[in-house]
Structures are given as C-alpha cells and as structure tokens.
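Raw protein.pdb, PDB, C-alpha atoms:
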ATOM      1  CA  MET A   1      21.216  18.059 -21.854
ATOM      2  CA  PRO A   2      22.802  20.514 -24.283
ATOM      3  CA  LYS A   3      20.648  23.096 -25.996
ATOM      4  CA  GLY A   4      21.317  21.608 -29.432
ATOM      5  CA  GLY A   5      19.250  18.491 -28.821
ATOM      6  CA  LYS A   6      19.990  14.952 -29.957
ATOM      7  CA  LYS A   7      21.247  15.515 -33.481
ATOM      8  CA  GLY A   8      23.134  18.732 -32.936
ATOM      9  CA  GLY A   9      22.464  22.386 -33.474
ATOM     10  CA  HIS A  10      20.263  23.972 -36.109
ATOM     11  CA  LYS A  11      22.016  24.330 -39.499
ATOM     12  CA  GLY A  12      25.377  23.170 -38.286
ATOM     13  CA  ARG A  13      25.655  25.281 -35.157
ATOM     14  CA  MET A  14      27.689  23.908 -32.309
ATOM     15  CA  ARG A  15      26.148  22.950 -29.021
ATOM     16  CA  THR A  16      26.304  25.507 -26.252
ATOM     17  CA  TYR A  17      26.423  24.732 -22.565
ATOM     18  CA  THR A  18      25.587  26.940 -19.592
ATOM     19  CA  SER A  19      28.435  27.106 -17.110
ATOM     20  CA  PRO A  20      27.789  26.464 -13.413
ATOM     21  CA  GLU A  21      28.865  30.041 -12.605
ATOM     22  CA  GLU A  22      26.192  31.454 -14.911
ATOM     23  CA  ILE A  23      23.549  29.232 -13.323
ATOM     24  CA  ASP A  24      24.561  30.380  -9.821
ATOM     25  CA  ALA A  25      24.432  34.017 -10.917
ATOM     26  CA  GLN A  26      20.958  33.586 -12.403
ATOM     27  CA  MET A  27      19.691  31.904  -9.227
ATOM     28  CA  LYS A  28      21.049  34.764  -7.078
ATOM     29  CA  GLU A  29      19.380  37.354  -9.313
ATOM     30  CA  GLU A  30      16.034  35.558  -9.034
ATOM     31  CA  LYS A  31      16.284  35.403  -5.240
ATOM     32  CA  GLU A  32      17.136  39.125  -5.071
ATOM     33  CA  ARG A  33      14.161  39.967  -7.289
ATOM     34  CA  GLU A  34      11.829  37.919  -5.072
ATOM     35  CA  LYS A  35      13.134  39.632  -1.925
ATOM     36  CA  ASN A  36      12.715  43.067  -3.499
ATOM     37  CA  GLU A  37       9.165  42.266  -4.612
ATOM     38  CA  GLU A  38       8.247  41.052  -1.132
ATOM     39  CA  GLU A  39       9.724  44.187   0.442
ATOM     40  CA  GLU A  40       7.862  46.396  -2.041
ATOM     41  CA  GLY A  41       4.644  44.507  -1.362
ATOM     42  CA  ALA A  42       5.027  45.004   2.375
ATOM     43  CA  ALA A  43       5.848  48.683   1.874
ATOM     44  CA  VAL A  44       2.830  49.140  -0.414
ATOM     45  CA  ASN A  45       0.564  47.498   2.190
ATOM     46  CA  ASP A  46       1.933  49.839   4.883
ATOM     47  CA  ASN A  47       1.463  52.853   2.611
ATOM     48  CA  GLN A  48      -2.082  51.797   1.760
ATOM     49  CA  SER A  49      -3.079  51.593   5.404
ATOM     50  CA  GLU A  50      -1.554  55.048   6.069
ATOM     51  CA  ASP A  51      -3.180  56.534   2.958
ATOM     52  CA  LYS A  52      -6.584  55.180   3.921
ATOM     53  CA  LEU A  53      -6.396  56.967   7.223
ATOM     54  CA  THR A  54      -5.282  60.323   5.769
ATOM     55  CA  ALA A  55      -6.777  60.500   2.249
ATOM     56  CA  SER A  56     -10.368  61.113   1.132
ATOM     57  CA  GLY A  57     -12.653  58.452  -0.409
ATOM     58  CA  SER A  58     -12.254  59.507  -4.066
ATOM     59  CA  GLU A  59      -8.448  59.436  -3.927
ATOM     60  CA  ASP A  60      -8.415  56.048  -2.176
ATOM     61  CA  SER A  61     -10.103  54.229  -5.037
ATOM     62  CA  ASP A  62      -7.563  55.488  -7.613
ATOM     63  CA  ASP A  63      -4.530  54.806  -5.439
ATOM     64  CA  GLU A  64      -5.765  51.358  -4.351
ATOM     65  CA  GLY A  65      -6.322  50.181  -7.925
ATOM     66  CA  SER A  66      -2.791  51.062  -9.001
ATOM     67  CA  ARG A  67      -1.207  49.625  -5.861
ATOM     68  CA  VAL A  68      -3.208  46.395  -5.927
ATOM     69  CA  ARG A  69      -1.823  45.634  -9.364
ATOM     70  CA  ARG A  70       1.726  45.786  -7.999
ATOM     71  CA  VAL A  71       1.067  43.515  -5.019
ATOM     72  CA  LEU A  72       1.248  39.807  -5.654
ATOM     73  CA  ILE A  73      -1.978  38.114  -4.624
ATOM     74  CA  GLU A  74      -1.659  34.547  -3.494
ATOM     75  CA  ILE A  75      -4.744  32.501  -4.251
ATOM     76  CA  GLU A  76      -5.145  28.881  -3.355
ATOM     77  CA  ASN A  77      -6.233  26.431  -6.012
ATOM     78  CA  PRO A  78     -10.010  26.028  -5.581
ATOM     79  CA  ASN A  79      -9.903  22.557  -7.149
ATOM     80  CA  ARG A  80      -7.427  21.243  -4.622
ATOM     81  CA  ALA A  81      -9.069  19.359  -1.798
ATOM     82  CA  ALA A  82      -7.862  20.756   1.492
ATOM     83  CA  GLN A  83      -6.790  18.184   4.046
ATOM     84  CA  LYS A  84      -8.786  18.708   7.183
ATOM     85  CA  THR A  85      -7.220  17.543  10.395
ATOM     86  CA  LYS A  86      -9.594  15.916  12.826
ATOM     87  CA  LYS A  87      -9.122  15.873  16.549
ATOM     88  CA  VAL A  88      -9.480  12.655  18.465
ATOM     89  CA  THR A  89     -12.318  14.150  20.478
ATOM     90  CA  ASP A  90     -14.277  15.032  17.314
ATOM     91  CA  ILE A  91     -14.301  11.515  15.910
ATOM     92  CA  GLU A  92     -17.605   9.770  16.495
ATOM     93  CA  LEU A  93     -17.037   6.176  17.504
ATOM     94  CA  GLU A  94     -20.468   5.314  18.850
ATOM     95  CA  GLY A  95     -22.600   6.453  15.908
ATOM     96  CA  PRO A  96     -23.672   3.894  13.301
ATOM     97  CA  ARG A  97     -21.419   4.082  10.285
ATOM     98  CA  GLN A  98     -22.547   3.175   6.783
ATOM     99  CA  LEU A  99     -20.405   0.423   5.312
ATOM    100  CA  SER A 100     -19.271   0.572   1.725
ATOM    101  CA  ARG A 101     -20.189  -2.174  -0.699
ATOM    102  CA  ARG A 102     -16.700  -3.664  -0.557
ATOM    103  CA  GLU A 103     -16.713  -3.716   3.240
ATOM    104  CA  ARG A 104     -20.130  -5.407   3.300
ATOM    105  CA  GLU A 105     -19.003  -8.027   0.781
ATOM    106  CA  GLU A 106     -15.820  -8.679   2.777
ATOM    107  CA  ILE A 107     -17.823  -9.213   5.975
ATOM    108  CA  GLU A 108     -20.233 -11.539   4.165
ATOM    109  CA  LYS A 109     -17.302 -13.554   2.786
ATOM    110  CA  GLN A 110     -15.809 -13.949   6.249
ATOM    111  CA  LYS A 111     -19.138 -15.051   7.735
ATOM    112  CA  ALA A 112     -19.708 -17.559   4.926
ATOM    113  CA  LYS A 113     -16.203 -18.962   5.397
ATOM    114  CA  GLU A 114     -16.785 -19.350   9.150
ATOM    115  CA  ARG A 115     -20.113 -21.120   8.553
ATOM    116  CA  TYR A 116     -18.454 -23.477   6.059
ATOM    117  CA  MET A 117     -15.627 -24.291   8.459
ATOM    118  CA  LYS A 118     -18.126 -25.092  11.246
ATOM    119  CA  MET A 119     -20.082 -27.399   8.934
ATOM    120  CA  HIS A 120     -16.833 -28.958   7.723
ATOM    121  CA  LEU A 121     -15.676 -29.708  11.265
ATOM    122  CA  VAL A 122     -19.009 -31.360  12.052
ATOM    123  CA  GLY A 123     -18.723 -33.380   8.821
ATOM    124  CA  LYS A 124     -21.810 -32.153   7.004
ATOM    125  CA  THR A 125     -20.155 -30.800   3.875
ATOM    126  CA  ASP A 126     -19.468 -32.907   0.782
ATOM    127  CA  GLN A 127     -15.751 -32.337   1.075
ATOM    128  CA  ALA A 128     -15.747 -33.429   4.726
ATOM    129  CA  LYS A 129     -17.707 -36.574   3.859
ATOM    130  CA  ASN A 130     -15.250 -37.431   1.084
ATOM    131  CA  ASP A 131     -12.309 -36.822   3.417
ATOM    132  CA  LEU A 132     -13.800 -39.035   6.135
ATOM    133  CA  ALA A 133     -14.477 -41.842   3.638
ATOM    134  CA  ARG A 134     -10.902 -41.585   2.352
ATOM    135  CA  LEU A 135      -9.594 -41.706   5.922
ATOM    136  CA  ALA A 136     -11.675 -44.842   6.681
ATOM    137  CA  ILE A 137     -10.254 -46.598   3.601
ATOM    138  CA  ILE A 138      -6.696 -45.657   4.572
ATOM    139  CA  ARG A 139      -7.236 -46.912   8.140
ATOM    140  CA  LYS A 140      -8.507 -50.260   6.865
ATOM    141  CA  GLN A 141      -5.528 -50.612   4.530
ATOM    142  CA  ARG A 142      -3.097 -49.797   7.332
ATOM    143  CA  GLU A 143      -4.798 -52.280   9.693
ATOM    144  CA  GLU A 144      -4.595 -55.019   7.062
ATOM    145  CA  ALA A 145      -0.924 -54.228   6.390
ATOM    146  CA  ALA A 146      -0.170 -54.309  10.135
ATOM    147  CA  ARG A 147      -2.055 -57.633  10.519
ATOM    148  CA  LYS A 148      -0.144 -59.205   7.601
ATOM    149  CA  LYS A 149       3.153 -57.984   8.998
ATOM    150  CA  GLU A 150       2.326 -59.444  12.407
ATOM    151  CA  GLU A 151       1.340 -62.808  10.839
ATOM    152  CA  GLU A 152       4.577 -62.919   8.825
ATOM    153  CA  ARG A 153       6.598 -62.155  11.954
ATOM    154  CA  LYS A 154       4.804 -64.890  13.914
ATOM    155  CA  ALA A 155       5.281 -67.382  11.071
ATOM    156  CA  LYS A 156       8.987 -66.582  10.920
ATOM    157  CA  GLU A 157       9.338 -66.997  14.692
ATOM    158  CA  ALA A 158       7.470 -70.310  14.540
ATOM    159  CA  ALA A 159       9.734 -71.564  11.735
ATOM    160  CA  GLU A 160      12.834 -70.592  13.700
ATOM    161  CA  ALA A 161      11.496 -72.263  16.837
ATOM    162  CA  ALA A 162      10.712 -75.481  14.893
ATOM    163  CA  ALA A 163      14.177 -75.491  13.328
ATOM    164  CA  ALA A 164      15.782 -75.003  16.721
ATOM    165  CA  ALA A 165      13.698 -77.808  18.173
ATOM    166  CA  LYS A 166      14.863 -80.246  15.523
ATOM    167  CA  GLY A 167      18.411 -79.289  16.206
ATOM    168  CA  LEU A 168      19.087 -77.898  12.854
ATOM    169  CA  HIS A 169      21.077 -74.823  12.913
ATOM    170  CA  THR A 170      21.650 -72.477  10.131
ATOM    171  CA  LEU A 171      23.772 -73.920   7.387
ATOM    172  CA  SER A 172      27.213 -72.564   7.066
ATOM    173  CA  LEU A 173      28.868 -72.146   3.757
ATOM    174  CA  LYS A 174      31.850 -74.339   3.234
TER     175      LYS A 174
END

Rewrite the coordinates I just gave you, this time as structure tokens.
Amino acid sequence: MPKGGKKGGHKGRMRTYTSPEEIDAQMKEEKEREKNEEEEGAAVNDNQSEDKLTASGSEDSDDEGSRVRRVLIEIENPNRAAQKTKKVTDIELEGPRQLSRREREEIEKQKAKERYMKMHLVGKTDQAKNDLARLAIIRKQREEAARKKEEERKAKEAAEAAAAAKGLHTLSLK
C-alpha cells in the first residue's frame, strides 16, 4: 500500500512508492550488517578467551563488561512451552493412567448405549415393546389382506368355472 494511506498524502502531498531496486538494496544492507555483527561477535568471543588466559583478574572484569555489551545474547522466551520429544521406550503403557472427565463421560455414554441396545434386542425397553406391538398389528393386517385376496381369487375362479360349465362364453361386442 502506498505511504499516503487511503485518502492521499498529508496536506496535498502526492503518494510515494518504494521501487523494487531500493527494497533489494535495503535487504542486502541488512544481511551484510547481520553478517558483520556475527563475525564481530565471534571475534570478540575469541579475543575474550585469549584475554582471560593472558590478563590479570582486575583487567578481565573491565574488558568483559565492555565486550559483553557488544555481543548479541540470544535468550529463549521463558513463557514459551518447550516441546519435549519422548522416546518410544520412555512411554509407560502398563501404568494406570488417570482419565479426564470428558474421557470418563464418553466411556460411560458408550456403556449405557450398549446396555440399552442389549435390553432393546431382548425386548425389555418401552421402545422395543411399542415396536413389537406395531409389528404384530402390521402382521395381522397383512394376513387379513392376503386372506381376502385369496378368497377373491377363489371366488373369481369358481365364477369362471361355473360360466364355462353352463357353456356361456364371454360376450363379444357386436
């Protein structure tokens, strides 16, 4: 986004843009500075170790204080939780593990569901009883419908047989 913002520059100034060449140059300068600082830090560390061996105790404390200020100290964030990697051999599989509340509730739900399904299959739950009663009613209705259909079929066959016996054939339209 341009430096001027949404509505334009301050007091009528024109918007200014940074060219890609300028950005590349700035990035190169930053990288060079970082390399130089790292090299200086390494050189200071080497010099400190040499000075400690050769210099006396009173001179060391003055020189160390000034050199320590120049060296970048990298400190990890104490609030950040470090991820600890565990080996497969360190994991305890046989020891009793405390379940969380959610895990306990989930296990209880599964057990209750299994108990309900067993009772349902046996037919002891209210829902199973209602289902079985509904099924019995449907079976009776289907049996009655099948019986009526069979009677109608037999009656039709008997009527056709009687008509054939009398010699009457189906009437043809003239």

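Here CA of His120 (chain A) stands at a distance of 13.7 Å from CA of Ala133 (chain A).
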
For CA of Glu106 (chain A) and CA of Lys118 (chain A), the interatomic separation in Å (one decimal): 18.6 Å

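Between CA of Ala163 (chain A) and CA of Glu151 (chain A) lies a distance of 18.2 Å.
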
Output file request: region 33-44 of chain A, with N, CA, C and O atoms, as a PDB file, in the first residue's frame.
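Output (decode13.pdb):
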ATOM      1  N   ARG A  33      24.978  -6.270   7.365  1.00  0.00           N
ATOM      2  CA  ARG A  33      25.115  -5.851   8.765  1.00  0.00           C
ATOM      3  C   ARG A  33      25.050  -7.058   9.695  1.00  0.00           C
ATOM      4  O   ARG A  33      25.832  -7.173  10.636  1.00  0.00           O
ATOM      5  N   GLU A  34      24.095  -7.971   9.444  1.00  0.00           N
ATOM      6  CA  GLU A  34      23.968  -9.153  10.290  1.00  0.00           C
ATOM      7  C   GLU A  34      25.226 -10.019  10.217  1.00  0.00           C
ATOM      8  O   GLU A  34      25.706 -10.504  11.241  1.00  0.00           O
ATOM      9  N   LYS A  35      25.764 -10.197   9.022  1.00  0.00           N
ATOM     10  CA  LYS A  35      26.990 -10.990   8.865  1.00  0.00           C
ATOM     11  C   LYS A  35      28.148 -10.347   9.614  1.00  0.00           C
ATOM     12  O   LYS A  35      28.913 -11.024  10.310  1.00  0.00           O
ATOM     13  N   ASN A  36      28.275  -9.025   9.487  1.00  0.00           N
ATOM     14  CA  ASN A  36      29.359  -8.318  10.171  1.00  0.00           C
ATOM     15  C   ASN A  36      29.221  -8.435  11.685  1.00  0.00           C
ATOM     16  O   ASN A  36      30.204  -8.628  12.395  1.00  0.00           O
ATOM     17  N   GLU A  37      27.991  -8.318  12.187  1.00  0.00           N
ATOM     18  CA  GLU A  37      27.778  -8.428  13.631  1.00  0.00           C
ATOM     19  C   GLU A  37      28.124  -9.826  14.123  1.00  0.00           C
ATOM     20  O   GLU A  37      28.706  -9.987  15.197  1.00  0.00           O
ATOM     21  N   GLU A  38      27.748 -10.843  13.347  1.00  0.00           N
ATOM     22  CA  GLU A  38      28.072 -12.213  13.749  1.00  0.00           C
ATOM     23  C   GLU A  38      29.578 -12.429  13.757  1.00  0.00           C
ATOM     24  O   GLU A  38      30.122 -13.055  14.670  1.00  0.00           O
ATOM     25  N   GLU A  39      30.258 -11.909  12.731  1.00  0.00           N
ATOM     26  CA  GLU A  39      31.719 -12.046  12.673  1.00  0.00           C
ATOM     27  C   GLU A  39      32.380 -11.313  13.837  1.00  0.00           C
ATOM     28  O   GLU A  39      33.315 -11.818  14.453  1.00  0.00           O
ATOM     29  N   GLU A  40      31.889 -10.118  14.164  1.00  0.00           N
ATOM     30  CA  GLU A  40      32.442  -9.369  15.285  1.00  0.00           C
ATOM     31  C   GLU A  40      32.194 -10.095  16.596  1.00  0.00           C
ATOM     32  O   GLU A  40      33.057 -10.147  17.463  1.00  0.00           O
ATOM     33  N   GLY A  41      31.007 -10.692  16.725  1.00  0.00           N
ATOM     34  CA  GLY A  41      30.685 -11.434  17.938  1.00  0.00           C
ATOM     35  C   GLY A  41      31.599 -12.632  18.104  1.00  0.00           C
ATOM     36  O   GLY A  41      32.093 -12.921  19.195  1.00  0.00           O
ATOM     37  N   ALA A  42      31.859 -13.333  17.015  1.00  0.00           N
ATOM     38  CA  ALA A  42      32.766 -14.482  17.081  1.00  0.00           C
ATOM     39  C   ALA A  42      34.184 -14.024  17.400  1.00  0.00           C
ATOM     40  O   ALA A  42      34.893 -14.659  18.187  1.00  0.00           O
ATOM     41  N   ALA A  43      34.605 -12.923  16.800  1.00  0.00           N
ATOM     42  CA  ALA A  43      35.945 -12.396  17.067  1.00  0.00           C
ATOM     43  C   ALA A  43      36.059 -11.943  18.509  1.00  0.00           C
ATOM     44  O   ALA A  43      37.086 -12.162  19.166  1.00  0.00           O
ATOM     45  N   VAL A  44      35.024 -11.298  19.044  1.00  0.00           N
ATOM     46  CA  VAL A  44      35.051 -10.842  20.434  1.00  0.00           C
ATOM     47  C   VAL A  44      35.137 -12.035  21.371  1.00  0.00           C
ATOM     48  O   VAL A  44      35.883 -12.023  22.351  1.00  0.00           O
TER      49      VAL A  44
END
